[in-house]
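K.L.:
Below you'll find start-v5.csv; it's CSV, C-alpha atoms and all ligand atoms.
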chain,number,residue,atom,x,y,z
A,1,MET,CA,199.0,-84.9,-128.1
A,2,SER,CA,195.5,-85.5,-129.5
A,3,THR,CA,193.6,-82.2,-129.1
A,4,LEU,CA,190.5,-83.2,-131.1
A,5,GLU,CA,189.8,-86.7,-129.7
A,6,ASN,CA,186.1,-87.7,-130.2
A,7,LYS,CA,185.5,-84.7,-132.5
A,8,VAL,CA,184.2,-85.0,-136.1
A,9,ALA,CA,185.8,-82.7,-138.7
A,10,LEU,CA,184.6,-82.0,-142.3
A,11,VAL,CA,187.0,-80.6,-144.9
A,12,THR,CA,186.0,-79.5,-148.4
A,13,GLY,CA,188.5,-79.4,-151.3
A,14,ALA,CA,190.3,-82.2,-149.4
A,15,GLY,CA,191.5,-84.1,-152.5
A,16,THR,CA,194.8,-82.3,-152.7
A,17,GLY,CA,196.8,-79.3,-151.5
A,18,ILE,CA,195.8,-77.4,-148.4
A,19,GLY,CA,192.5,-79.3,-147.9
A,20,GLN,CA,194.4,-82.7,-148.0
A,21,ALA,CA,196.9,-81.4,-145.5
A,22,SER,CA,194.2,-80.2,-143.3
A,23,ALA,CA,192.3,-83.5,-143.4
A,24,LEU,CA,195.5,-85.3,-142.4
A,25,ALA,CA,196.2,-82.8,-139.6
A,26,PHE,CA,192.7,-83.2,-138.2
A,27,ALA,CA,193.0,-87.0,-138.2
A,28,ARG,CA,196.5,-86.7,-136.5
A,29,ALA,CA,194.8,-84.5,-133.9
A,30,GLY,CA,192.4,-87.4,-133.2
A,31,ALA,CA,189.3,-86.3,-135.1
A,32,LYS,CA,187.2,-88.5,-137.3
A,33,VAL,CA,187.3,-86.8,-140.7
A,34,VAL,CA,184.8,-86.4,-143.5
A,35,VAL,CA,186.9,-85.8,-146.6
A,36,SER,CA,185.0,-84.1,-149.4
A,37,ASP,CA,186.0,-83.0,-152.9
A,38,ILE,CA,184.4,-82.7,-156.4
A,39,ASP,CA,187.2,-85.0,-157.5
A,40,PRO,CA,186.6,-88.5,-156.2
A,41,ASP,CA,190.1,-89.8,-156.9
A,42,GLY,CA,191.8,-87.2,-154.9
A,43,GLY,CA,189.3,-87.5,-152.1
A,44,LYS,CA,189.6,-91.2,-151.8
A,45,ALA,CA,193.4,-90.9,-151.9
A,46,THR,CA,193.2,-88.6,-148.9
A,47,VAL,CA,191.0,-91.1,-147.0
A,48,GLU,CA,193.4,-93.9,-147.8
A,49,ALA,CA,196.3,-91.8,-146.4
A,50,ILE,CA,194.4,-91.2,-143.2
A,51,LEU,CA,193.4,-94.9,-142.8
A,52,ASP,CA,197.1,-95.9,-143.5
A,53,GLU,CA,198.1,-93.8,-140.5
A,54,GLY,CA,195.5,-95.5,-138.3
A,55,GLY,CA,192.9,-92.6,-138.4
A,56,GLU,CA,189.2,-92.6,-139.2
A,57,ALA,CA,187.8,-91.0,-142.4
A,58,SER,CA,185.0,-91.2,-144.8
A,59,PHE,CA,184.7,-89.7,-148.3
A,60,GLN,CA,181.7,-87.9,-149.6
A,61,GLN,CA,181.8,-86.4,-153.1
A,62,ALA,CA,180.3,-82.9,-153.3
A,63,ASP,CA,180.4,-79.9,-155.6
A,64,VAL,CA,180.3,-77.1,-153.0
A,65,THR,CA,178.4,-74.8,-155.4
A,66,ASP,CA,175.4,-77.2,-155.4
A,67,PRO,CA,173.1,-76.5,-152.4
A,68,GLY,CA,171.7,-80.1,-152.4
A,69,GLN,CA,175.1,-81.7,-152.5
A,70,VAL,CA,176.3,-79.5,-149.6
A,71,GLU,CA,173.2,-80.4,-147.5
A,72,ALA,CA,173.9,-84.1,-148.3
A,73,LEU,CA,177.5,-83.7,-147.3
A,74,VAL,CA,176.7,-82.3,-143.8
A,75,ALA,CA,174.0,-85.0,-143.4
A,76,HIS,CA,176.6,-87.6,-144.3
A,77,ALA,CA,179.0,-86.3,-141.5
A,78,VAL,CA,176.2,-86.5,-138.9
A,79,ARG,CA,175.0,-89.9,-140.1
A,80,THR,CA,178.4,-91.5,-140.4
A,81,PHE,CA,180.1,-90.2,-137.2
A,82,GLY,CA,177.2,-89.0,-135.1
A,83,GLY,CA,177.7,-85.2,-135.2
A,84,LEU,CA,179.9,-82.3,-136.5
A,85,HIS,CA,182.3,-80.3,-134.4
A,86,CYS,CA,184.9,-78.8,-136.8
A,87,ALA,CA,184.6,-77.7,-140.4
A,88,HIS,CA,187.2,-76.4,-142.8
A,89,ASN,CA,185.5,-74.8,-145.8
A,90,ASN,CA,188.4,-74.8,-148.2
A,91,ALA,CA,187.5,-75.6,-151.8
A,92,GLY,CA,188.5,-72.8,-154.1
A,93,VAL,CA,189.7,-71.9,-157.6
A,94,LEU,CA,192.0,-69.1,-158.8
A,95,GLY,CA,190.3,-68.4,-162.1
A,96,PRO,CA,192.1,-67.1,-165.2
A,97,SER,CA,194.6,-64.2,-164.8
A,98,ALA,CA,193.2,-61.1,-166.6
A,99,LYS,CA,192.7,-57.4,-166.2
A,100,LEU,CA,189.3,-56.5,-164.9
A,101,VAL,CA,187.9,-55.4,-168.3
A,102,ASP,CA,188.9,-58.7,-169.8
A,103,VAL,CA,187.3,-60.9,-167.2
A,104,ALA,CA,184.6,-63.0,-168.8
A,105,ASP,CA,181.2,-62.8,-167.1
A,106,ALA,CA,181.2,-66.6,-166.8
A,107,ASP,CA,184.6,-66.7,-165.1
A,108,TRP,CA,183.5,-64.0,-162.6
A,109,ALA,CA,180.4,-66.1,-161.8
A,110,THR,CA,182.4,-69.3,-161.4
A,111,VAL,CA,185.0,-67.8,-159.1
A,112,LEU,CA,182.4,-66.1,-156.9
A,113,SER,CA,180.3,-69.3,-156.7
A,114,VAL,CA,183.2,-71.8,-155.9
A,115,ASN,CA,185.0,-69.4,-153.5
A,116,LEU,CA,182.3,-67.4,-151.8
A,117,THR,CA,178.7,-68.8,-152.3
A,118,SER,CA,180.1,-72.2,-151.3
A,119,VAL,CA,181.2,-70.9,-147.9
A,120,PHE,CA,177.7,-69.5,-147.3
A,121,LEU,CA,176.1,-72.9,-148.3
A,122,CYS,CA,178.5,-74.9,-146.2
A,123,MET,CA,178.1,-72.7,-143.1
A,124,LYS,CA,174.4,-72.7,-143.4
A,125,HIS,CA,174.2,-76.5,-143.0
A,126,GLU,CA,177.3,-76.9,-140.7
A,127,ILE,CA,176.0,-74.3,-138.2
A,128,ALA,CA,172.6,-75.9,-138.1
A,129,ALA,CA,174.2,-79.3,-137.3
A,130,MET,CA,176.5,-77.7,-134.7
A,131,LEU,CA,173.6,-75.9,-133.0
A,132,GLY,CA,172.0,-79.3,-132.5
A,133,GLY,CA,175.2,-80.7,-131.1
A,134,GLY,CA,176.3,-78.1,-128.5
A,135,GLY,CA,178.6,-75.9,-130.6
A,136,GLY,CA,181.7,-76.2,-132.7
A,137,ALA,CA,184.4,-74.3,-134.7
A,138,ILE,CA,184.5,-73.4,-138.4
A,139,VAL,CA,187.5,-72.2,-140.4
A,140,ASN,CA,187.0,-70.7,-143.9
A,141,THR,CA,189.9,-70.5,-146.3
A,142,ALA,CA,190.3,-66.9,-147.4
A,143,SER,CA,193.7,-65.8,-148.7
A,144,PHE,CA,196.2,-62.9,-148.2
A,145,SER,CA,194.2,-61.7,-151.2
A,146,GLY,CA,191.2,-61.5,-148.8
A,147,LEU,CA,193.2,-58.8,-147.0
A,148,VAL,CA,195.0,-56.9,-149.7
A,149,ALA,CA,194.7,-56.8,-153.5
A,150,VAL,CA,196.9,-58.4,-156.1
A,151,PRO,CA,196.6,-57.5,-159.8
A,152,PHE,CA,195.0,-59.5,-162.5
A,153,ALA,CA,192.8,-61.5,-160.1
A,154,SER,CA,189.8,-59.2,-159.4
A,155,ALA,CA,187.2,-62.0,-159.1
A,156,TYR,CA,189.5,-64.0,-156.8
A,157,VAL,CA,190.4,-60.9,-154.7
A,158,ALA,CA,186.7,-60.0,-154.4
A,159,SER,CA,185.7,-63.5,-153.5
A,160,LYS,CA,188.3,-63.8,-150.8
A,161,HIS,CA,187.5,-60.4,-149.3
A,162,GLY,CA,183.9,-61.7,-149.3
A,163,VAL,CA,185.0,-64.8,-147.4
A,164,VAL,CA,186.5,-62.6,-144.7
A,165,GLY,CA,183.4,-60.5,-144.4
A,166,LEU,CA,181.1,-63.5,-144.3
A,167,THR,CA,183.3,-65.1,-141.7
A,168,LYS,CA,182.9,-62.0,-139.4
A,169,ALA,CA,179.2,-61.8,-140.1
A,170,ALA,CA,178.7,-65.4,-139.0
A,171,ALA,CA,181.0,-65.1,-136.1
A,172,VAL,CA,179.1,-62.2,-134.5
A,173,GLU,CA,175.8,-64.1,-134.9
A,174,TYR,CA,176.8,-67.5,-133.5
A,175,GLY,CA,179.5,-66.7,-130.9
A,176,ARG,CA,176.9,-66.7,-128.1
A,177,LYS,CA,175.7,-70.2,-129.3
A,178,GLY,CA,179.2,-71.7,-128.8
A,179,ILE,CA,180.3,-71.7,-132.4
A,180,ARG,CA,183.5,-69.9,-133.2
A,181,ILE,CA,184.0,-68.9,-136.9
A,182,ASN,CA,187.4,-67.8,-138.2
A,183,ALA,CA,189.2,-67.5,-141.5
A,184,VAL,CA,192.7,-68.5,-142.4
A,185,CYS,CA,194.5,-66.3,-145.0
A,186,PRO,CA,197.3,-68.3,-146.6
A,187,GLY,CA,200.2,-66.7,-148.5
A,188,THR,CA,201.4,-68.3,-151.7
A,189,THR,CA,201.4,-72.1,-150.9
A,190,ARG,CA,203.1,-75.0,-152.6
A,191,THR,CA,200.0,-76.7,-154.2
A,192,GLN,CA,198.7,-77.5,-157.7
A,193,MET,CA,197.2,-74.0,-157.8
A,194,ASN,CA,200.8,-72.7,-157.9
A,195,ILE,CA,203.2,-75.4,-158.9
A,196,GLN,CA,202.7,-74.8,-162.6
A,197,ARG,CA,203.0,-71.0,-162.3
A,198,ALA,CA,206.2,-71.4,-160.2
A,199,GLU,CA,207.7,-73.7,-162.8
A,200,SER,CA,206.8,-71.5,-165.8
A,201,SER,CA,209.9,-69.4,-165.4
A,202,PRO,CA,212.6,-68.5,-162.9
A,203,GLU,CA,211.2,-64.9,-162.9
A,204,MET,CA,207.7,-66.1,-161.9
A,205,ALA,CA,209.2,-68.4,-159.2
A,206,LYS,CA,211.2,-65.4,-157.8
A,207,ALA,CA,208.1,-63.1,-158.0
A,208,MET,CA,206.1,-65.6,-156.0
A,209,THR,CA,208.6,-66.0,-153.2
A,210,ASP,CA,209.5,-62.2,-153.2
A,211,ILE,CA,205.9,-61.5,-152.1
A,212,THR,CA,206.8,-62.7,-148.6
A,213,PRO,CA,209.6,-61.5,-146.2
A,214,MET,CA,210.4,-65.2,-145.6
A,215,ARG,CA,211.3,-65.5,-149.3
A,216,ARG,CA,209.7,-69.0,-149.8
A,217,LEU,CA,206.3,-70.6,-150.5
A,218,ALA,CA,204.2,-71.9,-147.6
A,219,GLU,CA,203.9,-75.7,-147.2
A,220,PRO,CA,200.3,-76.9,-147.1
A,221,SER,CA,201.0,-78.5,-143.7
A,222,GLU,CA,201.8,-75.0,-142.3
A,223,ILE,CA,198.3,-73.8,-143.3
A,224,ALA,CA,196.7,-77.0,-142.0
A,225,ALA,CA,198.4,-76.6,-138.6
A,226,SER,CA,196.8,-73.1,-138.2
A,227,VAL,CA,193.4,-74.5,-139.2
A,228,VAL,CA,193.5,-77.3,-136.6
A,229,TRP,CA,194.7,-74.8,-134.0
A,230,LEU,CA,191.8,-72.5,-134.7
A,231,CYS,CA,189.4,-75.4,-134.2
A,232,SER,CA,191.1,-76.5,-131.0
A,233,ASP,CA,190.4,-75.4,-127.4
A,234,ALA,CA,193.8,-73.6,-127.5
A,235,ALA,CA,191.9,-71.0,-129.6
A,236,SER,CA,188.8,-71.0,-127.3
A,237,PHE,CA,188.4,-67.2,-127.4
A,238,VAL,CA,189.4,-66.6,-131.0
A,239,ASN,CA,186.3,-65.7,-133.0
A,240,GLY,CA,185.7,-63.6,-136.1
A,241,HIS,CA,189.5,-63.4,-136.9
A,242,ALA,CA,191.0,-63.4,-140.4
A,243,MET,CA,194.4,-64.9,-139.6
A,244,PRO,CA,197.3,-64.4,-142.1
A,245,VAL,CA,199.6,-67.4,-142.5
A,246,ASP,CA,201.7,-65.8,-145.1
A,247,GLY,CA,205.2,-65.4,-143.8
A,248,GLY,CA,204.5,-61.7,-143.2
A,249,ALA,CA,203.3,-60.8,-146.7
A,250,VAL,CA,200.5,-58.5,-145.5
A,251,ALA,CA,202.6,-57.0,-142.7
A,252,GLN,CA,204.8,-55.1,-145.3
B,301,LIG,N1,197.8,-72.2,-153.0
B,301,LIG,C1,197.8,-71.0,-152.6
B,301,LIG,O1,198.8,-70.3,-152.8
B,301,LIG,C2,196.7,-70.4,-151.8
B,301,LIG,C3,196.8,-69.1,-151.2
B,301,LIG,C4,195.8,-68.5,-150.6
B,301,LIG,C5,194.6,-69.2,-150.5
B,301,LIG,N2,194.4,-70.4,-151.1
B,301,LIG,C6,193.1,-71.0,-151.0
B,301,LIG,O2,193.2,-72.3,-150.4
B,301,LIG,C7,192.2,-73.2,-150.8
B,301,LIG,C8,192.9,-74.5,-151.3
B,301,LIG,O3,193.8,-74.1,-152.3
B,301,LIG,P1,194.9,-75.1,-152.9
B,301,LIG,O4,196.1,-74.3,-153.2
B,301,LIG,O5,195.0,-76.3,-152.0
B,301,LIG,O6,194.2,-75.5,-154.2
B,301,LIG,P2,194.2,-76.9,-155.1
B,301,LIG,O7,193.8,-76.4,-156.5
B,301,LIG,O8,195.5,-77.6,-154.9
B,301,LIG,O9,193.0,-77.7,-154.4
B,301,LIG,C9,191.7,-77.3,-154.5
B,301,LIG,C10,190.8,-78.4,-154.3
B,301,LIG,O10,189.4,-78.0,-154.4
B,301,LIG,C11,188.6,-78.8,-155.1
B,301,LIG,N3,187.5,-78.1,-155.8
B,301,LIG,C12,187.6,-77.2,-156.8
B,301,LIG,N4,186.3,-76.8,-157.1
B,301,LIG,C13,185.5,-77.5,-156.3
B,301,LIG,C14,184.1,-77.6,-156.1
B,301,LIG,N5,183.3,-76.8,-156.9
B,301,LIG,N6,183.5,-78.4,-155.2
B,301,LIG,C15,184.3,-79.1,-154.4
B,301,LIG,N7,185.7,-79.2,-154.5
B,301,LIG,C16,186.2,-78.4,-155.4
B,301,LIG,C17,189.6,-79.4,-156.2
B,301,LIG,O11,189.2,-80.6,-156.8
B,301,LIG,C18,190.9,-79.5,-155.4
B,301,LIG,O12,191.0,-80.8,-154.8
B,301,LIG,C19,191.5,-72.4,-151.9
B,301,LIG,O13,190.3,-71.8,-151.4
B,301,LIG,C20,192.5,-71.3,-152.3
B,301,LIG,O14,191.8,-70.2,-152.9
B,301,LIG,C21,195.4,-71.0,-151.8
What's the structure tokens form of this structure?
P.N.:
Amino acid sequence: MSTLENKVALVTGAGTGIGQASALAFARAGAKVVVSDIDPDGGKATVEAILDEGGEASFQQADVTDPGQVEALVAHAVRTFGGLHCAHNNAGVLGPSAKLVDVADADWATVLSVNLTSVFLCMKHEIAAMLGGGGGAIVNTASFSGLVAVPFASAYVASKHGVVGLTKAAAVEYGRKGIRINAVCPGTTRTQMNIQRAESSPEMAKAMTDITPMRRLAEPSEIAASVVWLCSDAASFVNGHAMPVDGGAVAQ
């Protein structure tokens, strides 16, 4: 069933991993998709995959930390497909693993910029476009680390708690304008961000799956399905929610 027929969806960090799965899932739900990434090869590959399945998609390269590029990205969506109804603000980085006192100032700044300031920049322009088009739905990718802390990732944990707070702040401002804003909080997911870590040793692989009661990594498609659901009319009264999709990790 096509739940997002005639809708336009924008996904950042859509060149691989969760964002790529989300772009494909939006297209399968009937949306026209603006695929964005800082990496043009990945982004164009995602567009090709959507076109191969008979969907509609357009690539726009953007570094989500750059205000001008983010503004141009949203303008591209409106110009190309005539509006913006759904947005998945997903681009993110993990940053180096280190105890707080060893975190380099530059690494702190990068992680906060890519993971949190980018969500502010994206929402600023997406909400403006949606207000002009009668409403919409936004999903920001936080993490289970936006709900509980994990060690050796203070900048990442702080950025993702920030994404949850920013999501709620935006949701209470724009709910009355017909824009629903939620966050998805993935558990450890099988993407580039983790594959190398999982393959580094059997102990690391076990530690990564032991985090969740389901004793496995999430597949990107499982996170993507939740994002599309949050953007669909099936979630029409869900607003300001930070939804764990983590196999029960934060329920323990
Ligand atoms: N993989 C996990 O276990 C996991 C768990 C919880 C949350 N997350 C979050 O999910 C999101 C996607 O993660 P993933 O695992 O798919 O990561 P990934 O590393 O596989 O993909 C991230 C994508 O973001 C892009 N990107 C990075 N910096 C960018 C920038 N400045 N501007 C534009 N694009 C940029 C990369 O090019 C890449 O295509 C991130 O926000 C991440 O923090 C991931």
K.L.:
Would you pick out the contacts of range 158-166 of chain A at 8 Å or less, using only C-alpha atoms, so that residues sharing its chain but fewer than 5 positions from it are not included, and give the list as a list in words?
P.N.:
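The neighbour list is Val111, Leu112, Asn115, Leu116, Val119, Phe120, Asn140, Thr141, Ala142, Ser143, Ser145, Gly146, Leu147, Ala183 and Ala242 of chain A.
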K.L.:
What does the distance from atom C6 of ligand LIG 301 (chain B) to CA of Ala31 in chain A come to in Å, to one decimal?
P.N.:
22.4 Å
K.L.:
Hey, can you check how far CA of Ala25 in chain A sits from CA of Leu4 in chain A?
P.N.:
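CA of Leu4 in chain A lies 10.2 Å from CA of Ala25 in chain A.
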K.L.:
Point out the residue among A:Ala249, A:Ala29, A:Val103, A:Ile18 with the least atom-to-atom distance to ligand LIG 301 (chain B), counting only C-alpha atoms and all ligand atoms.
P.N.:
A:Ile18
K.L.:
For the contact check between chain A and ligand LIG 301 (chain B), emit one row per residue of chain A within 8 Å, containing the shortest atom pair and the distance in Å rounded to one decimal, counting all atoms listed in the file, chain then rising number order, as CSV.
P.N.:
residue,atom,partner,partner_atom,distance
A:Thr12,CA,B:LIG301,N7,6.1
A:Gly13,CA,B:LIG301,O10,3.5
A:Ala14,CA,B:LIG301,O12,5.6
A:Gly15,CA,B:LIG301,O12,4.1
A:Thr16,CA,B:LIG301,O12,4.6
A:Gly17,CA,B:LIG301,O5,3.5
A:Ile18,CA,B:LIG301,O5,3.8
A:Gly19,CA,B:LIG301,O5,5.7
A:Gln20,CA,B:LIG301,O5,7.6
A:Ser36,CA,B:LIG301,C15,7.1
A:Asp37,CA,B:LIG301,N7,4.1
A:Ile38,CA,B:LIG301,C15,4.1
A:Asp39,CA,B:LIG301,O11,4.9
A:Gly42,CA,B:LIG301,O12,6.5
A:Gly43,CA,B:LIG301,O12,7.4
A:Gln61,CA,B:LIG301,C15,7.8
A:Ala62,CA,B:LIG301,C15,5.6
A:Asp63,CA,B:LIG301,N6,3.5
A:Val64,CA,B:LIG301,N6,4.1
A:Thr65,CA,B:LIG301,N5,5.5
A:Asn89,CA,B:LIG301,O13,8.0
A:Asn90,CA,B:LIG301,O13,4.8
A:Ala91,CA,B:LIG301,O10,4.0
A:Gly92,CA,B:LIG301,O13,3.4
A:Val93,CA,B:LIG301,O14,5.4
A:Leu94,CA,B:LIG301,O14,6.0
A:Val114,CA,B:LIG301,N5,5.1
A:Asn115,CA,B:LIG301,O13,6.2
A:Ser118,CA,B:LIG301,N5,7.9
A:Thr141,CA,B:LIG301,O13,5.3
A:Ala142,CA,B:LIG301,C5,5.8
A:Ser143,CA,B:LIG301,C4,3.9
A:Phe144,CA,B:LIG301,C4,6.1
A:Ser145,CA,B:LIG301,C4,7.0
A:Tyr156,CA,B:LIG301,O14,7.7
A:Lys160,CA,B:LIG301,O14,7.6
A:Cys185,CA,B:LIG301,C4,6.2
A:Pro186,CA,B:LIG301,C4,4.3
A:Gly187,CA,B:LIG301,C3,5.0
A:Thr188,CA,B:LIG301,O1,3.5
A:Thr189,CA,B:LIG301,O1,3.7
A:Arg190,CA,B:LIG301,N1,6.0
A:Thr191,CA,B:LIG301,O8,4.6
A:Gln192,CA,B:LIG301,O8,4.3
A:Met193,CA,B:LIG301,O7,4.4
A:Asn194,CA,B:LIG301,N1,5.8
A:Leu217,CA,B:LIG301,O1,7.9
A:Ala218,CA,B:LIG301,O1,7.7
A:Pro220,CA,B:LIG301,O5,7.2
K.L.:
Between A:Thr46, A:Gln69, A:Ser226, A:Ser154, which one has atoms that come closest to Ser97 in chain A, using all atoms listed in the file?
P.N.:
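Going through A:Thr46, A:Gln69, A:Ser226, A:Ser154 one by one, the smallest distance to Ser97 in chain A is for A:Ser154.
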K.L.:
To one decimal place, how far is CA of Arg180 in chain A from CA of Ser232 in chain A in Å?
P.N.:
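Pair CA of Arg180 in chain A / CA of Ser232 in chain A returns 10.3 Å.
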K.L.:
Taking only C-alpha atoms into account, produce a table as JSON lines in which each residue of range 151-181 of chain A with an atom at most 10 Å from an atom of range 128-132 of chain A appears once, together with its shortest atom pair and the distance in Å to one decimal, ordered by chain and rising number.
P.N.:
{"residue": "A:Tyr174", "atom": "CA", "partner": "A:Leu131", "partner_atom": "CA", "distance": 9.0}
{"residue": "A:Lys177", "atom": "CA", "partner": "A:Leu131", "partner_atom": "CA", "distance": 7.1}
{"residue": "A:Gly178", "atom": "CA", "partner": "A:Leu131", "partner_atom": "CA", "distance": 8.2}
{"residue": "A:Ile179", "atom": "CA", "partner": "A:Met130", "partner_atom": "CA", "distance": 7.5}
K.L.:
Using C-alpha atoms, can you export the residues from the last selection as a PDB file, keeping the file's coordinate frame?
P.N.:
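To be explicit, this is the file written out as selection_2.pdb:
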ATOM      1  CA  TYR A 174     176.800 -67.500-133.500  1.00  0.00           C
ATOM      2  CA  LYS A 177     175.700 -70.200-129.300  1.00  0.00           C
ATOM      3  CA  GLY A 178     179.200 -71.700-128.800  1.00  0.00           C
ATOM      4  CA  ILE A 179     180.300 -71.700-132.400  1.00  0.00           C
TER       5      ILE A 179
END
K.L.:
Could you check the closest approach to Glu56 in chain A for each of A:Thr110, A:Asn182, A:Ser22, A:Asn6 and tell me which residue wins, using all atoms listed in the file?
P.N.:
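Using all atoms listed in the file, the shortest distance to Glu56 in chain A belongs to A:Asn6.
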K.L.:
Considering only C-alpha atoms, return as a ChimeraX atom specification whatever protein or nucleic-acid residues lie within 12 Å of Ala205 in chain A, sequence-local ones (same chain, fewer than 4 positions apart) excluded.
P.N.:
/A:188-190,194-201,209-211,215-217
K.L.:
Using only C-alpha atoms, which of A:Ala77, A:Ala207, A:Val34, A:Met214 sits nearest Ala57 in chain A?
P.N.:
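Ranking A:Ala77, A:Ala207, A:Val34, A:Met214 by distance to Ala57 in chain A, first place goes to A:Val34.
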K.L.:
Taking the point (190.8, -88.1, -130.9) as given in the file, collect each protein or nucleic acid residue that comes within 10 Å of it, counting only C-alpha atoms, and present the set as an mmCIF file with C-alpha atoms, in the frame of the given file.
P.N.:
data_model
loop_
_atom_site.group_PDB
_atom_site.id
_atom_site.type_symbol
_atom_site.label_atom_id
_atom_site.label_comp_id
_atom_site.auth_asym_id
_atom_site.auth_seq_id
_atom_site.Cartn_x
_atom_site.Cartn_y
_atom_site.Cartn_z
ATOM 1 C CA MET A 1 199.000 -84.900 -128.100
ATOM 2 C CA SER A 2 195.500 -85.500 -129.500
ATOM 3 C CA THR A 3 193.600 -82.200 -129.100
ATOM 4 C CA LEU A 4 190.500 -83.200 -131.100
ATOM 5 C CA GLU A 5 189.800 -86.700 -129.700
ATOM 6 C CA ASN A 6 186.100 -87.700 -130.200
ATOM 7 C CA LYS A 7 185.500 -84.700 -132.500
ATOM 8 C CA VAL A 8 184.200 -85.000 -136.100
ATOM 9 C CA PHE A 26 192.700 -83.200 -138.200
ATOM 10 C CA ALA A 27 193.000 -87.000 -138.200
ATOM 11 C CA ARG A 28 196.500 -86.700 -136.500
ATOM 12 C CA ALA A 29 194.800 -84.500 -133.900
ATOM 13 C CA GLY A 30 192.400 -87.400 -133.200
ATOM 14 C CA ALA A 31 189.300 -86.300 -135.100
ATOM 15 C CA LYS A 32 187.200 -88.500 -137.300
ATOM 16 C CA GLY A 55 192.900 -92.600 -138.400
ATOM 17 C CA GLU A 56 189.200 -92.600 -139.200
#
K.L.:
Provide range 104-118 of chain A rebuilt to N, CA and C atoms, formatted as an mmCIF file, in the frame of the given file.
P.N.:
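The resulting file, selection_35.cif, is reproduced below:
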data_model
loop_
_atom_site.group_PDB
_atom_site.id
_atom_site.type_symbol
_atom_site.label_atom_id
_atom_site.label_comp_id
_atom_site.auth_asym_id
_atom_site.auth_seq_id
_atom_site.Cartn_x
_atom_site.Cartn_y
_atom_site.Cartn_z
ATOM 1 N N ALA A 104 185.884 -62.554 -168.220
ATOM 2 C CA ALA A 104 184.600 -63.000 -168.800
ATOM 3 C C ALA A 104 183.572 -63.147 -167.708
ATOM 4 N N ASP A 105 182.343 -62.791 -168.066
ATOM 5 C CA ASP A 105 181.200 -62.800 -167.100
ATOM 6 C C ASP A 105 181.149 -64.234 -166.450
ATOM 7 N N ALA A 106 181.323 -65.257 -167.282
ATOM 8 C CA ALA A 106 181.200 -66.600 -166.800
ATOM 9 C C ALA A 106 182.303 -66.958 -165.777
ATOM 10 N N ASP A 107 183.521 -66.436 -166.022
ATOM 11 C CA ASP A 107 184.600 -66.700 -165.100
ATOM 12 C C ASP A 107 184.369 -65.992 -163.746
ATOM 13 N N TRP A 108 183.862 -64.747 -163.819
ATOM 14 C CA TRP A 108 183.500 -64.000 -162.600
ATOM 15 C C TRP A 108 182.506 -64.870 -161.779
ATOM 16 N N ALA A 109 181.460 -65.353 -162.458
ATOM 17 C CA ALA A 109 180.400 -66.100 -161.800
ATOM 18 C C ALA A 109 180.962 -67.391 -161.152
ATOM 19 N N THR A 110 181.840 -68.085 -161.878
ATOM 20 C CA THR A 110 182.400 -69.300 -161.400
ATOM 21 C C THR A 110 183.250 -69.087 -160.121
ATOM 22 N N VAL A 111 184.134 -68.108 -160.196
ATOM 23 C CA VAL A 111 185.000 -67.800 -159.100
ATOM 24 C C VAL A 111 184.228 -67.433 -157.822
ATOM 25 N N LEU A 112 183.232 -66.568 -158.018
ATOM 26 C CA LEU A 112 182.400 -66.100 -156.900
ATOM 27 C C LEU A 112 181.618 -67.316 -156.295
ATOM 28 N N SER A 113 181.152 -68.185 -157.177
ATOM 29 C CA SER A 113 180.300 -69.300 -156.700
ATOM 30 C C SER A 113 181.183 -70.345 -155.962
ATOM 31 N N VAL A 114 182.345 -70.714 -156.526
ATOM 32 C CA VAL A 114 183.200 -71.800 -155.900
ATOM 33 C C VAL A 114 183.813 -71.198 -154.593
ATOM 34 N N ASN A 115 184.246 -69.952 -154.619
ATOM 35 C CA ASN A 115 185.000 -69.400 -153.500
ATOM 36 C C ASN A 115 184.161 -68.794 -152.390
ATOM 37 N N LEU A 116 183.032 -68.177 -152.761
ATOM 38 C CA LEU A 116 182.300 -67.400 -151.800
ATOM 39 C C LEU A 116 180.889 -68.015 -151.477
ATOM 40 N N THR A 117 180.077 -68.231 -152.518
ATOM 41 C CA THR A 117 178.700 -68.800 -152.300
ATOM 42 C C THR A 117 178.834 -70.141 -151.599
ATOM 43 N N SER A 118 179.859 -70.900 -151.957
ATOM 44 C CA SER A 118 180.100 -72.200 -151.300
ATOM 45 C C SER A 118 180.241 -72.098 -149.827
#
